[in-house]
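Engineer: Have a look at this one.
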Amino acid sequence: MGTRGAGKHRGSSRLTKKTAGIAGIAALATTGVIGSFAAPAFAADNDSTAPDPGLNHISIGDDAALEIEAQADAQQSAAEAAALKAQAEAEAKQRAAEAKRMAEVRVKAEREAKERAEREAERKRLNTFVSPLADSYVSTQYKAGGGMWSSGSHTGIDFHASEGTVVRAVGMGTVVEAGWGGAYGNNVVIKHADGTYTQYGHMKSLSVRVGQQVAPGQQIGLSGDTGNSSGPHLHFEARTGAQYGSDINPITYLRGHGVTV
């Protein structure tokens with residue numbers, strides 16, 4: 001009697017099953033029992049194309065596992081792509097917000113720089129002095145002698161001007177006198193920030209009032225020939241006080257404030 005190889009266990013082959021079926025039919029034929037029992041068994045045994053239920057089950061299970069794995073991979077890839085997209089959008093939003101913030105900082109800095117420049121320009125303008133008449137010259141010097149002046153000498157300087165020429169405040173200040181000034185005719189006196197005063201006499205008309213703030217170069221009236229005057233011109237004085245007799249050299253005063261006359 002033969003023996004199987006050690007460790008090898010195999011099921012009956014299809015041929016063995018078929019041989020056993022034929023032997024069974026032969027046995028039944030000897031006993032006279034053959035019919036409906038044998039035929040189906042024989043027919044089933046002869047169907048070589050019938051699938052093996054066990055193998056088919058294993059194949060379907062493998063396919064389902066592969067499909068589930070593929071779906072899981074696809075879902076993971078989609079989740080990773082969505083996460084990367086969300087991260088990119090968040091970073092882009094953050095960059096845009098930072099760029100907007102920097103732009104706002106830049107605009108604010110530029111605005112502040114512009115405001116500072118404007119304030120500085122205004123400060124310089126307000127601290128700047130100008131000549132009381134544009135495009136004119138001194139026709140009579142300070143302390144010139146003669147019988148025209150009650151003090152015996154000229155207490156200011158005269159600027160050449162035809163009647164109706166615009167007269168300007170030489171610097172920022174407050175009007176402390178505006179009206180008739182006797183020998184000075186229509187006159188204006190302005191007190192400046194440094195405590196000095198300037199006077200403008202013989203004017204035809206005035207365009208400021210007492211208490212009014214004036215800026216350098218602002219019109220305060222029109223030149224004329226009022227009061228003790230020999231003809232149209234502007235009498236200009238610089239003073240340490242508001243009253244007559246406190247005069248100082250107007251040319252020295254103007255030059256000390258950067259005005260060339």
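Chains: A, B, ... in order of the structure tokens. Residues: from 1 per chain. Ligands: from 1, in order shown.
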Stretch 221-225 of chain A: which residues within 7 Å, counting only C-alpha atoms, same-chain residues fewer than 3 positions away excluded, as a list in words?
Structural biologist: Ala161, Glu163, Gly164, Thr165, Val166, Val167, His202, Met203, Lys204, Ser205, Leu206, Ser207, Ser229, Gly231, Pro232, His233 and Leu234 of chain A
Engineer: If you run DSSP over the backbone, which residues in stretch 35-194 of chain A end up strand (DSSP E)? Put them as a PyMOL selection string.
Structural biologist: chain A and resi 138-140+157-160+166-168+173-180+186-192
Engineer: Please save C-alpha atoms of the selected residues as an mmCIF file, in the first residue's frame.
Structural biologist:
data_model
loop_
_atom_site.group_PDB
_atom_site.id
_atom_site.type_symbol
_atom_site.label_atom_id
_atom_site.label_comp_id
_atom_site.auth_asym_id
_atom_site.auth_seq_id
_atom_site.Cartn_x
_atom_site.Cartn_y
_atom_site.Cartn_z
ATOM 1 C CA VAL A 138 13.169 153.703 -0.314
ATOM 2 C CA SER A 139 12.750 157.316 -1.402
ATOM 3 C CA THR A 140 13.479 158.979 1.967
ATOM 4 C CA ILE A 157 11.388 155.552 5.839
ATOM 5 C CA ASP A 158 9.300 156.447 2.810
ATOM 6 C CA PHE A 159 8.625 153.911 0.040
ATOM 7 C CA HIS A 160 7.933 155.211 -3.419
ATOM 8 C CA VAL A 166 -1.372 147.541 -2.290
ATOM 9 C CA VAL A 167 0.224 147.906 1.152
ATOM 10 C CA ARG A 168 1.128 144.640 2.942
ATOM 11 C CA GLY A 173 0.810 140.056 13.982
ATOM 12 C CA THR A 174 -2.256 141.734 15.469
ATOM 13 C CA VAL A 175 -3.661 145.077 14.390
ATOM 14 C CA VAL A 176 -3.605 147.459 17.385
ATOM 15 C CA GLU A 177 -4.493 150.647 15.504
ATOM 16 C CA ALA A 178 -6.446 151.222 12.297
ATOM 17 C CA GLY A 179 -7.820 154.662 11.405
ATOM 18 C CA TRP A 180 -6.927 158.293 11.370
ATOM 19 C CA ASN A 186 -4.968 156.955 7.570
ATOM 20 C CA ASN A 187 -2.578 154.578 9.311
ATOM 21 C CA VAL A 188 -2.262 151.025 10.652
ATOM 22 C CA VAL A 189 -0.094 149.812 13.553
ATOM 23 C CA ILE A 190 0.648 146.089 13.948
ATOM 24 C CA LYS A 191 2.119 144.307 16.954
ATOM 25 C CA HIS A 192 4.326 141.331 16.014
#
Engineer: List the neighbours of A:Ser131 out to 8 Å using only C-alpha atoms; skip same-chain residues closer than 5 positions along the sequence, and give me the result as an MDAnalysis selection string.
Structural biologist: chainID A and resid 168 170 217 254 259:261
Engineer: Just write the chosen residues, N, CA and C atoms, as an mmCIF file, in the first residue's frame.
Structural biologist:
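In the end it all went to out39.cif:
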data_model
loop_
_atom_site.group_PDB
_atom_site.id
_atom_site.type_symbol
_atom_site.label_atom_id
_atom_site.label_comp_id
_atom_site.auth_asym_id
_atom_site.auth_seq_id
_atom_site.Cartn_x
_atom_site.Cartn_y
_atom_site.Cartn_z
ATOM 1 N N ARG A 168 1.174 145.963 2.304
ATOM 2 C CA ARG A 168 1.128 144.640 2.942
ATOM 3 C C ARG A 168 1.703 144.689 4.351
ATOM 4 N N VAL A 170 4.143 143.460 7.019
ATOM 5 C CA VAL A 170 5.475 142.912 6.797
ATOM 6 C C VAL A 170 5.652 141.558 7.484
ATOM 7 N N GLY A 217 2.560 139.558 4.235
ATOM 8 C CA GLY A 217 2.142 139.788 2.859
ATOM 9 C C GLY A 217 0.662 140.057 2.699
ATOM 10 N N LEU A 254 14.074 145.498 9.058
ATOM 11 C CA LEU A 254 13.664 144.619 7.957
ATOM 12 C C LEU A 254 14.802 143.662 7.568
ATOM 13 N N VAL A 259 14.658 140.725 5.076
ATOM 14 C CA VAL A 259 14.088 141.502 3.964
ATOM 15 C C VAL A 259 15.146 142.481 3.465
ATOM 16 N N THR A 260 15.436 142.390 2.174
ATOM 17 C CA THR A 260 16.408 143.296 1.568
ATOM 18 C C THR A 260 15.684 144.514 1.003
ATOM 19 N N VAL A 261 16.092 145.698 1.465
ATOM 20 C CA VAL A 261 15.500 146.933 0.959
ATOM 21 C C VAL A 261 16.609 147.911 0.568
#
Engineer: Between atom CA of A:Ile220 and atom CA of A:Gly245, what is the distance, to one decimal in Å?
Structural biologist: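 Atom-to-atom, atom CA of A:Ile220 to atom CA of A:Gly245, that is 23.0 Å.
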Engineer: Within 6 Å of A:Ala169, counting only C-alpha atoms, which residues qualify if same-chain residues fewer than 3 places away don't, as a list in words?
Structural biologist: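 Answer for this query is Pro132, Pro216, Gly217 and Gln218 of chain A.
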Engineer: Convert the current residue selection to file output with C-alpha atoms, as a compact mmCIF listing (two decimals), in the first residue's frame.
Structural biologist:
# COMPACT_ATOMS: atom_id res chain seq x y z
CA PRO A 132 5.50 146.43 2.78
CA PRO A 216 2.98 138.22 6.21
CA GLY A 217 2.14 139.79 2.86
CA GLN A 218 -1.55 140.24 3.68
Engineer: Atom CA of A:Glu122 and atom CA of A:Ala215 are how many Å apart?
Structural biologist: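 Atom CA of A:Glu122 sits 10.4 Å away from atom CA of A:Ala215.
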Engineer: Atom CA of A:Gly146 and atom CA of A:Thr198, how far apart in Å?
Structural biologist: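 Value for the atom CA of A:Thr198-atom CA of A:Gly146 distance: 22.7 Å.
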Engineer: At a cut-off of 10 Å, using only C-alpha atoms, what residues contact A:Asn228? Leave out same-chain residues fewer than 2 positions from it and give the result as a list in words.
Structural biologist: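 With the cut-off at 10 Å, the set is Met148, Trp149, Gly182, Ala183, Tyr184, Gly185, Gly201, His202, Asp225, Thr226, Ser230 and Gly231 of chain A.
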Engineer: Store the residues of this selection in a file with C-alpha atoms, as a compact mmCIF listing (two decimals), in the first residue's frame.
Structural biologist:
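Result saved to result.txt:
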# COMPACT_ATOMS: atom_id res chain seq x y z
CA MET A 148 8.44 168.64 7.34
CA TRP A 149 8.80 166.59 10.53
CA GLY A 182 -3.24 162.86 12.61
CA ALA A 183 -0.07 163.77 10.67
CA TYR A 184 0.16 160.10 9.59
CA GLY A 185 -3.24 160.34 7.89
CA GLY A 201 0.98 155.88 7.17
CA HIS A 202 -0.61 158.24 4.63
CA ASP A 225 -1.54 161.04 0.24
CA THR A 226 -3.45 161.57 3.49
CA SER A 230 3.92 165.92 0.08
CA GLY A 231 2.50 163.37 -2.34
